[in-house]
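Beneath this line is the structure, given in structure tokens, with notes to follow.
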Amino acid sequence: MFGTESSLSMFLNTLTPKFYVALTGTSSLISGLILIFEWWYFRKYGTSFIEQVSVSHLRPLLGGVDSSSPSSSNASNGEADSSRQSVSECKVWRNPLNLFRGAEYNRYTWVTGREPLTYYDMNLSAQDHQTFFTCDSDHLRPADAIMQKAWRERNPQARISAAHEALELEDCATAYILLAEEEATTIMEAERLFKQALKAGEGCYRRSQQLQHHSTQYEAQHRRDTNVLVYIKRRLAMCSRKLGRTREAVKMMRDLCVFQLMKEFPLLSMFNIHENLLESLLELQNYADVQAVLAKYDDISLPKSATICYTAALLKARAVSDKFSPEAASRRGLSTAEMNAVEAIHRAVEFNPHVPKYLLEMKSLILPPEHILKRGDSEAIAYAFFHLQHWKRVEGALNLLHCTWEGTFRMIPYPLEKGHLFYPYPICTETADRELLPTVFHEVSVYPKKELPFFILFTAGLCSFTAMLALLTHQFPELMGVFAKAFLSTLFAPLNFIMEKVESILPSSLWHQLTRI
């Protein structure tokens, strides 16, 4: 034992300062490379590479997971269920208040030189248009056959040229729709084209309605004509809203909601016309009718949206916000009406936590995309873009929101694992929002904020520590050599003490036999 200790001491005495410089420098270099790789991997995939490898590969090898056990199979089933739930929650929806591509999105591009829509978003719109405006019997009508190809074109000019070609053959409703959406440079011009589309669409709808029961082909054609008619009327209502004829827009939207309830076509529910109606009623400050619409659609069995949750919170806040004072509330406590308003705000923030920063103008708005992800940043932008003015109109509403919205996060400290009033917050929103939003000039809002993994912090600390040691060893080689010897002596001192005690207690013959073993 003493021979081993003396040889170790001799080895340490023979080491030169250059060895310590090389050792610490190499350690610092390796730690820096690991740190850079870990940071890149975390930024790209949102998780630590070392942590992922440890959990996925090393833990099973060390016996942490038994793949044959029933609990493991139950866990895998639970993971499959959660993944299915995650996929359903991360479904991308068409924005009910999407802007006009020619009259609004393209004008923004002409002025700023920026593209407000991503390729992924426009590709989803192309798929929607093929679903809404085409059917298997399009080859029977030449104009519809041309438009079927037009909706698949990636080049906007090719689509517009195909629409004009279809109109040369006959009055084609879908051709007018394409021109109103993409070629019209003003809302008034788009409205004129949609009125022509309405005239042509109503004629097709009446003809297909009479023939819908003759065969499945006619039934599919009638379903397509219904989708076209609803789409045209909805866009005409939105034109009226944008041109200041809000009461006319409300009437058209009410008729569409009734039509949607009467017809049993699944695609009609994708338009979410009630959200257009809510926004128009808020513009008229007709809060009683807003409450009536909410009573119909804010149901536990129906899918929620930021528009429904935050409009309900706005109506509750409106009753108390003009007299609300945080100082007075802290002294006397919250009244029943104030408590209801705060709970409604907490409910809305839990559903979509990105909205308050846009309503409070803590983050700049951009043009909303054509598709949104519920509970995501894209939905928050679409809601705040149209509803910020309604919150400003209600005196004290933004002040109440400012004072209370962050309290939501105390009720759900781990939102990815457990929710309070809704399902746990889906983990896929950031990835989908980065596809839907122009990240070139917009910083996507992320919730919950990802903390740096332990391994990145540990690697950064190790890299900094070894770099400092290398620098000190290079500057003060003799002093650092003495320090290294003292450190190692101190490190091995408890072991030497234990060995001395063991040697003093055990007989020499037994100790000799143990050392031989």
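Each chain in the structure tokens gets a letter, A, B and so on, in the order shown; residues start at 1 in every chain, and ligands are counted from 1 in the order they appear.
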Compile the contact shell of stretch 323-328 of chain A as a compact mmCIF listing (two decimals) with N, CA, C and O atoms, in the first residue's frame: residues with an atom at most 8 Å away, counting only C-alpha atoms, same-chain residues fewer than 6 positions apart removed.
```txt
# COMPACT_ATOMS: atom_id res chain seq x y z
N GLY A 396 -61.36 50.08 -18.70
CA GLY A 396 -60.78 49.32 -17.60
C GLY A 396 -60.58 47.84 -17.87
O GLY A 396 -60.01 47.14 -17.03
N LEU A 400 -57.83 45.41 -15.94
CA LEU A 400 -58.18 44.20 -15.19
C LEU A 400 -57.41 42.99 -15.72
O LEU A 400 -56.91 42.17 -14.93
N CYS A 403 -53.81 43.12 -14.50
CA CYS A 403 -53.62 42.84 -13.07
C CYS A 403 -53.83 41.37 -12.72
O CYS A 403 -53.37 40.94 -11.65
```
Original post:
Rounded to one decimal in Å, what is the spacing between atom CA of A:Tyr423 and atom CA of A:Ala348?
Top reply: 13.1 Å
Original post:
Skipping near chain neighbours, those fewer than 2 positions away, what residues fall within 9 Å of A:Arg152 using only C-alpha atoms, listed as a PyMOL selection string?
Top reply: chain A and resi 126-127+129-130+147-150+154+159
For stretch 108-116 of chain A, find every residue with an atom within 9 Å (counting only C-alpha atoms), except residues of its own chain fewer than 6 positions away, and show them as a PDB file with all heavy atoms, in the first residue's frame.
```
ATOM      1  N   ILE A 366     -48.654  41.043 -36.079  1.00  0.00           N
ATOM      2  CA  ILE A 366     -48.419  40.917 -37.519  1.00  0.00           C
ATOM      3  C   ILE A 366     -49.741  40.529 -38.162  1.00  0.00           C
ATOM      4  O   ILE A 366     -50.741  40.301 -37.470  1.00  0.00           O
ATOM      5  CB  ILE A 366     -47.333  39.863 -37.824  1.00  0.00           C
ATOM      6  CG1 ILE A 366     -47.774  38.479 -37.295  1.00  0.00           C
ATOM      7  CG2 ILE A 366     -45.992  40.264 -37.229  1.00  0.00           C
ATOM      8  CD1 ILE A 366     -46.868  37.344 -37.716  1.00  0.00           C
ATOM      9  N   LEU A 367     -49.771  40.457 -39.483  1.00  0.00           N
ATOM     10  CA  LEU A 367     -50.989  40.014 -40.155  1.00  0.00           C
ATOM     11  C   LEU A 367     -51.268  38.561 -39.790  1.00  0.00           C
ATOM     12  O   LEU A 367     -50.352  37.740 -39.777  1.00  0.00           O
ATOM     13  CB  LEU A 367     -50.845  40.150 -41.672  1.00  0.00           C
ATOM     14  CG  LEU A 367     -50.743  41.567 -42.244  1.00  0.00           C
ATOM     15  CD1 LEU A 367     -50.752  41.501 -43.764  1.00  0.00           C
ATOM     16  CD2 LEU A 367     -51.879  42.445 -41.757  1.00  0.00           C
ATOM     17  N   PRO A 368     -52.516  38.227 -39.481  1.00  0.00           N
ATOM     18  CA  PRO A 368     -52.831  36.847 -39.090  1.00  0.00           C
ATOM     19  C   PRO A 368     -52.686  35.901 -40.280  1.00  0.00           C
ATOM     20  O   PRO A 368     -52.924  36.283 -41.429  1.00  0.00           O
ATOM     21  CB  PRO A 368     -54.287  36.933 -38.622  1.00  0.00           C
ATOM     22  CG  PRO A 368     -54.847  38.117 -39.349  1.00  0.00           C
ATOM     23  CD  PRO A 368     -53.711  39.098 -39.475  1.00  0.00           C
ATOM     24  N   PRO A 369     -52.313  34.653 -40.033  1.00  0.00           N
ATOM     25  CA  PRO A 369     -52.192  33.679 -41.131  1.00  0.00           C
ATOM     26  C   PRO A 369     -53.561  33.201 -41.596  1.00  0.00           C
ATOM     27  O   PRO A 369     -54.590  33.489 -40.982  1.00  0.00           O
ATOM     28  CB  PRO A 369     -51.389  32.543 -40.491  1.00  0.00           C
ATOM     29  CG  PRO A 369     -51.727  32.619 -39.040  1.00  0.00           C
ATOM     30  CD  PRO A 369     -51.931  34.073 -38.738  1.00  0.00           C
ATOM     31  N   LEU A 437     -46.306  30.717 -39.173  1.00  0.00           N
ATOM     32  CA  LEU A 437     -45.983  32.136 -39.013  1.00  0.00           C
ATOM     33  C   LEU A 437     -44.640  32.471 -39.663  1.00  0.00           C
ATOM     34  O   LEU A 437     -43.727  31.646 -39.674  1.00  0.00           O
ATOM     35  CB  LEU A 437     -45.942  32.501 -37.528  1.00  0.00           C
ATOM     36  CG  LEU A 437     -47.268  32.303 -36.780  1.00  0.00           C
ATOM     37  CD1 LEU A 437     -47.067  32.490 -35.281  1.00  0.00           C
ATOM     38  CD2 LEU A 437     -48.328  33.260 -37.291  1.00  0.00           C
ATOM     39  N   PRO A 438     -44.514  33.691 -40.195  1.00  0.00           N
ATOM     40  CA  PRO A 438     -43.243  34.104 -40.832  1.00  0.00           C
ATOM     41  C   PRO A 438     -42.183  34.406 -39.779  1.00  0.00           C
ATOM     42  O   PRO A 438     -42.104  35.523 -39.254  1.00  0.00           O
ATOM     43  CB  PRO A 438     -43.650  35.359 -41.614  1.00  0.00           C
ATOM     44  CG  PRO A 438     -44.829  35.906 -40.876  1.00  0.00           C
ATOM     45  CD  PRO A 438     -45.553  34.744 -40.287  1.00  0.00           C
ATOM     46  N   PHE A 441     -39.467  37.645 -39.535  1.00  0.00           N
ATOM     47  CA  PHE A 441     -39.625  38.930 -38.848  1.00  0.00           C
ATOM     48  C   PHE A 441     -40.580  38.842 -37.662  1.00  0.00           C
ATOM     49  O   PHE A 441     -40.980  39.872 -37.111  1.00  0.00           O
ATOM     50  CB  PHE A 441     -40.111  40.018 -39.822  1.00  0.00           C
ATOM     51  CG  PHE A 441     -41.390  39.681 -40.551  1.00  0.00           C
ATOM     52  CD1 PHE A 441     -42.623  39.987 -40.019  1.00  0.00           C
ATOM     53  CD2 PHE A 441     -41.340  39.048 -41.794  1.00  0.00           C
ATOM     54  CE1 PHE A 441     -43.787  39.679 -40.689  1.00  0.00           C
ATOM     55  CE2 PHE A 441     -42.506  38.740 -42.478  1.00  0.00           C
ATOM     56  CZ  PHE A 441     -43.731  39.065 -41.927  1.00  0.00           C
TER      57      PHE A 441
END
```
Original post:
A:Asp433, A:His354, A:Ser489, A:Arg206: which is nearest A:Pro448, counting only C-alpha atoms?
Top reply: A:His354
